[in-house]
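Trainee: Below are the structure tokens for one structure; questions will follow.
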Amino acid sequence: VQLQASGGGLVQAGGSLRLSCAASGRTFSNRNANWGWFRQVPGKERDLVAFIRWSGGSTYYSDSVKGRFTISRDSGKNSVHLQMNSLKVEDTAVYYCAIDLPPLTILSGLYDARGYDYWGQGTQVTVSS
């Protein structure tokens, strides 16, 4: 499975960006996959930003982005999006999408990068003051 992330860029604080991640190379249903977005800054670990579960599309957001970011999936296109509003300088990072395919990771595993099977190449988001 190949994941292609797009949508990163440079934006001023308070602005918005929409990241997208499309999967290819294997047939599956978005309703039978868990998707996650992580971010990483140099010298630090890759941190979970949000995930959306296969079951009912329930979502999770880290405290740092709750209320500003929205994760959604596009069932017909095997893709996921991350709408980022009210961006802050501290949101600057490389953002990675990831997918967990069957056999699916249990809920507790989705908070950790090891719970995902495939990763996108990363897209840079830079927020200027």
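Lettering and numbering for the structure tokens are positional, with chains as A, B, ... in the shown order, residues counted from 1 in each chain, and ligands counted from 1 in the shown order.
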Within 10 Å of Pro42 (chain A), counting only C-alpha atoms, which residues qualify if same-chain residues fewer than 3 places away don't, as a list in words?
Mentor: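 Near neighbours after the sequence-gap exclusion: Glu45, Arg46, Ala93 and Val94 of chain A.
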Trainee: Do a neighbour search on region 49-62 of chain A at 7 Å with only C-alpha atoms, toss out local chain neighbours closer than 3 positions, and write the hits as a PyMOL selection string.
Mentor: chain A and resi 30-39+65-66+71
Trainee: Quick one: residues within 8 Å of Ser129 (chain A), only C-alpha atoms counted, chain neighbours fewer than 6 positions away excluded, as a PDB file with N, CA, C and O atoms, in the first residue's frame?
Mentor:
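Output contents, as saved in selection_22.pdb:
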ATOM      1  N   GLN A  12       0.276  31.808   7.417  1.00  0.00           N
ATOM      2  CA  GLN A  12       0.417  32.674   8.580  1.00  0.00           C
ATOM      3  C   GLN A  12      -0.401  32.145   9.749  1.00  0.00           C
ATOM      4  O   GLN A  12      -1.407  31.446   9.547  1.00  0.00           O
ATOM      5  N   ALA A  13       0.015  32.490  10.929  1.00  0.00           N
ATOM      6  CA  ALA A  13      -0.734  32.103  12.121  1.00  0.00           C
ATOM      7  C   ALA A  13      -2.179  32.579  11.994  1.00  0.00           C
ATOM      8  O   ALA A  13      -2.429  33.705  11.542  1.00  0.00           O
ATOM      9  N   LYS A  88      -1.329  27.644  14.548  1.00  0.00           N
ATOM     10  CA  LYS A  88      -0.392  28.318  15.439  1.00  0.00           C
ATOM     11  C   LYS A  88       1.040  28.004  15.007  1.00  0.00           C
ATOM     12  O   LYS A  88       1.292  26.997  14.354  1.00  0.00           O
ATOM     13  N   VAL A  89       1.950  28.851  15.435  1.00  0.00           N
ATOM     14  CA  VAL A  89       3.352  28.624  15.097  1.00  0.00           C
ATOM     15  C   VAL A  89       3.807  27.252  15.571  1.00  0.00           C
ATOM     16  O   VAL A  89       4.564  26.554  14.884  1.00  0.00           O
TER      17      VAL A  89
END
Trainee: Each residue of region 37-108 of chain A with at least one atom at most 8 Å from region 114-119 of chain A should appear once, together with its nearest atom pair and the corresponding distance in Å (one decimal); atoms considered: only C-alpha atoms; ordering: chain, then increasing residue number; output as JSON lines.
Mentor:
{"residue": "A:Tyr96", "atom": "CA", "partner": "A:Trp119", "partner_atom": "CA", "distance": 6.9}
{"residue": "A:Cys97", "atom": "CA", "partner": "A:Trp119", "partner_atom": "CA", "distance": 5.9}
{"residue": "A:Ala98", "atom": "CA", "partner": "A:Trp119", "partner_atom": "CA", "distance": 4.4}
{"residue": "A:Ile99", "atom": "CA", "partner": "A:Tyr116", "partner_atom": "CA", "distance": 5.4}
{"residue": "A:Asp100", "atom": "CA", "partner": "A:Tyr116", "partner_atom": "CA", "distance": 4.5}
{"residue": "A:Leu101", "atom": "CA", "partner": "A:Asp117", "partner_atom": "CA", "distance": 6.8}
{"residue": "A:Thr105", "atom": "CA", "partner": "A:Gly115", "partner_atom": "CA", "distance": 5.9}
Trainee: I'd like to know which of A:Val80, A:Thr92, A:Leu10, A:Arg68 is closest to Gly120 (chain A), using only C-alpha atoms.
Mentor: A:Val80
Trainee: Give the strand (DSSP E or B) residues of region 41-113 of chain A, as assigned by DSSP on the backbone, as a PDB file with C-alpha atoms, in the first residue's frame.
Mentor:
ATOM      1  CA  ASP A  47       3.345  12.547  17.870  1.00  0.00           C
ATOM      2  CA  LEU A  48      -0.237  11.571  17.216  1.00  0.00           C
ATOM      3  CA  VAL A  49      -2.442  14.411  16.038  1.00  0.00           C
ATOM      4  CA  ALA A  50      -5.694  12.612  15.265  1.00  0.00           C
ATOM      5  CA  PHE A  51      -7.158   9.324  14.153  1.00  0.00           C
ATOM      6  CA  ILE A  52     -10.420   8.110  12.710  1.00  0.00           C
ATOM      7  CA  THR A  59     -12.358  10.259  16.033  1.00  0.00           C
ATOM      8  CA  TYR A  60      -9.682  11.267  18.480  1.00  0.00           C
ATOM      9  CA  TYR A  61      -7.706  14.494  18.693  1.00  0.00           C
ATOM     10  CA  PHE A  69      -8.369  20.328  13.458  1.00  0.00           C
ATOM     11  CA  THR A  70     -10.841  17.946  11.878  1.00  0.00           C
ATOM     12  CA  ILE A  71     -10.046  14.514  10.467  1.00  0.00           C
ATOM     13  CA  SER A  72     -12.372  13.004   7.899  1.00  0.00           C
ATOM     14  CA  ARG A  73     -12.345  10.137   5.462  1.00  0.00           C
ATOM     15  CA  ASP A  74     -13.533   9.907   1.914  1.00  0.00           C
ATOM     16  CA  SER A  79      -8.395   8.818   1.369  1.00  0.00           C
ATOM     17  CA  VAL A  80      -8.323  10.853   4.519  1.00  0.00           C
ATOM     18  CA  HIS A  81      -8.122  14.564   5.171  1.00  0.00           C
ATOM     19  CA  LEU A  82      -7.010  16.814   7.970  1.00  0.00           C
ATOM     20  CA  GLN A  83      -8.587  20.260   8.018  1.00  0.00           C
ATOM     21  CA  MET A  84      -6.413  22.545  10.092  1.00  0.00           C
ATOM     22  CA  ALA A  93       6.050  20.186  11.702  1.00  0.00           C
ATOM     23  CA  VAL A  94       6.226  17.479   9.103  1.00  0.00           C
ATOM     24  CA  TYR A  95       2.843  15.800   9.009  1.00  0.00           C
ATOM     25  CA  TYR A  96       2.529  12.102   8.252  1.00  0.00           C
ATOM     26  CA  CYS A  97      -0.536  10.088   7.405  1.00  0.00           C
ATOM     27  CA  ALA A  98      -0.754   6.453   8.368  1.00  0.00           C
ATOM     28  CA  ILE A  99      -3.161   3.593   7.896  1.00  0.00           C
ATOM     29  CA  ASP A 100      -3.969   0.467   9.832  1.00  0.00           C
TER      30      ASP A 100
END
Trainee: Using Å and a single decimal, report how far CA of Gly8 (chain A) sits from CA of Val125 (chain A).
Mentor: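 Between these atoms lies a distance of 4.9 Å.
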Trainee: So what do you get for CA of Lys77 (chain A) versus CA of Ala5 (chain A), distance-wise?
Mentor: 13.8 Å
Trainee: Enumerate as a list in words all residues of chain A assigned to helix (DSSP H, G or I) by DSSP on the backbone, naming them with the chain letters and numbers the document uses.
Mentor: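 For chain A, the helix (DSSP H, G or I) set is Asn30, Arg31, Asn32, Ser75, Gly76, Lys77, Val89, Glu90, Asp91, Leu107, Ser108, Gly109, Leu110, Tyr111, Ala113, Arg114 and Gly115 of chain A.
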Trainee: Please produce a file of those selected residues containing N, CA and C atoms, as a compact mmCIF listing (two decimals), in the first residue's frame.
Mentor:
# COMPACT_ATOMS: atom_id res chain seq x y z
N ASN A 30 -12.52 1.98 3.19
CA ASN A 30 -12.21 2.93 4.26
C ASN A 30 -12.98 2.62 5.52
N ARG A 31 -14.07 1.89 5.37
CA ARG A 31 -14.87 1.51 6.55
C ARG A 31 -14.23 0.34 7.29
N ASN A 32 -13.14 -0.19 6.73
CA ASN A 32 -12.44 -1.30 7.38
C ASN A 32 -10.97 -0.94 7.55
N SER A 75 -14.87 7.89 1.82
CA SER A 75 -15.07 6.46 1.64
C SER A 75 -14.91 6.01 0.20
N GLY A 76 -15.33 6.81 -0.72
CA GLY A 76 -15.29 6.39 -2.11
C GLY A 76 -13.91 6.44 -2.73
N LYS A 77 -12.99 7.11 -2.06
CA LYS A 77 -11.69 7.33 -2.69
C LYS A 77 -10.52 6.80 -1.86
N VAL A 89 1.95 28.85 15.43
CA VAL A 89 3.35 28.62 15.10
C VAL A 89 3.81 27.25 15.57
N GLU A 90 3.31 26.84 16.71
CA GLU A 90 3.71 25.55 17.27
C GLU A 90 3.14 24.36 16.51
N ASP A 91 2.29 24.59 15.54
CA ASP A 91 1.81 23.51 14.67
C ASP A 91 2.82 23.18 13.57
N LEU A 107 -8.12 -0.38 19.89
CA LEU A 107 -8.20 1.06 20.11
C LEU A 107 -6.96 1.61 20.81
N SER A 108 -6.52 0.97 21.84
CA SER A 108 -5.39 1.50 22.61
C SER A 108 -4.13 1.59 21.77
N GLY A 109 -4.03 0.74 20.76
CA GLY A 109 -2.85 0.76 19.91
C GLY A 109 -2.79 1.90 18.94
N LEU A 110 -3.92 2.54 18.70
CA LEU A 110 -3.96 3.61 17.71
C LEU A 110 -3.32 4.90 18.20
N TYR A 111 -3.03 4.98 19.48
CA TYR A 111 -2.38 6.17 20.01
C TYR A 111 -0.87 6.13 19.78
N ALA A 113 2.46 5.12 17.17
CA ALA A 113 2.83 4.95 15.76
C ALA A 113 2.96 3.48 15.37
N ARG A 114 3.28 2.63 16.31
CA ARG A 114 3.45 1.21 16.00
C ARG A 114 2.13 0.52 15.67
N GLY A 115 1.03 1.20 15.90
CA GLY A 115 -0.27 0.61 15.60
C GLY A 115 -0.67 0.70 14.14
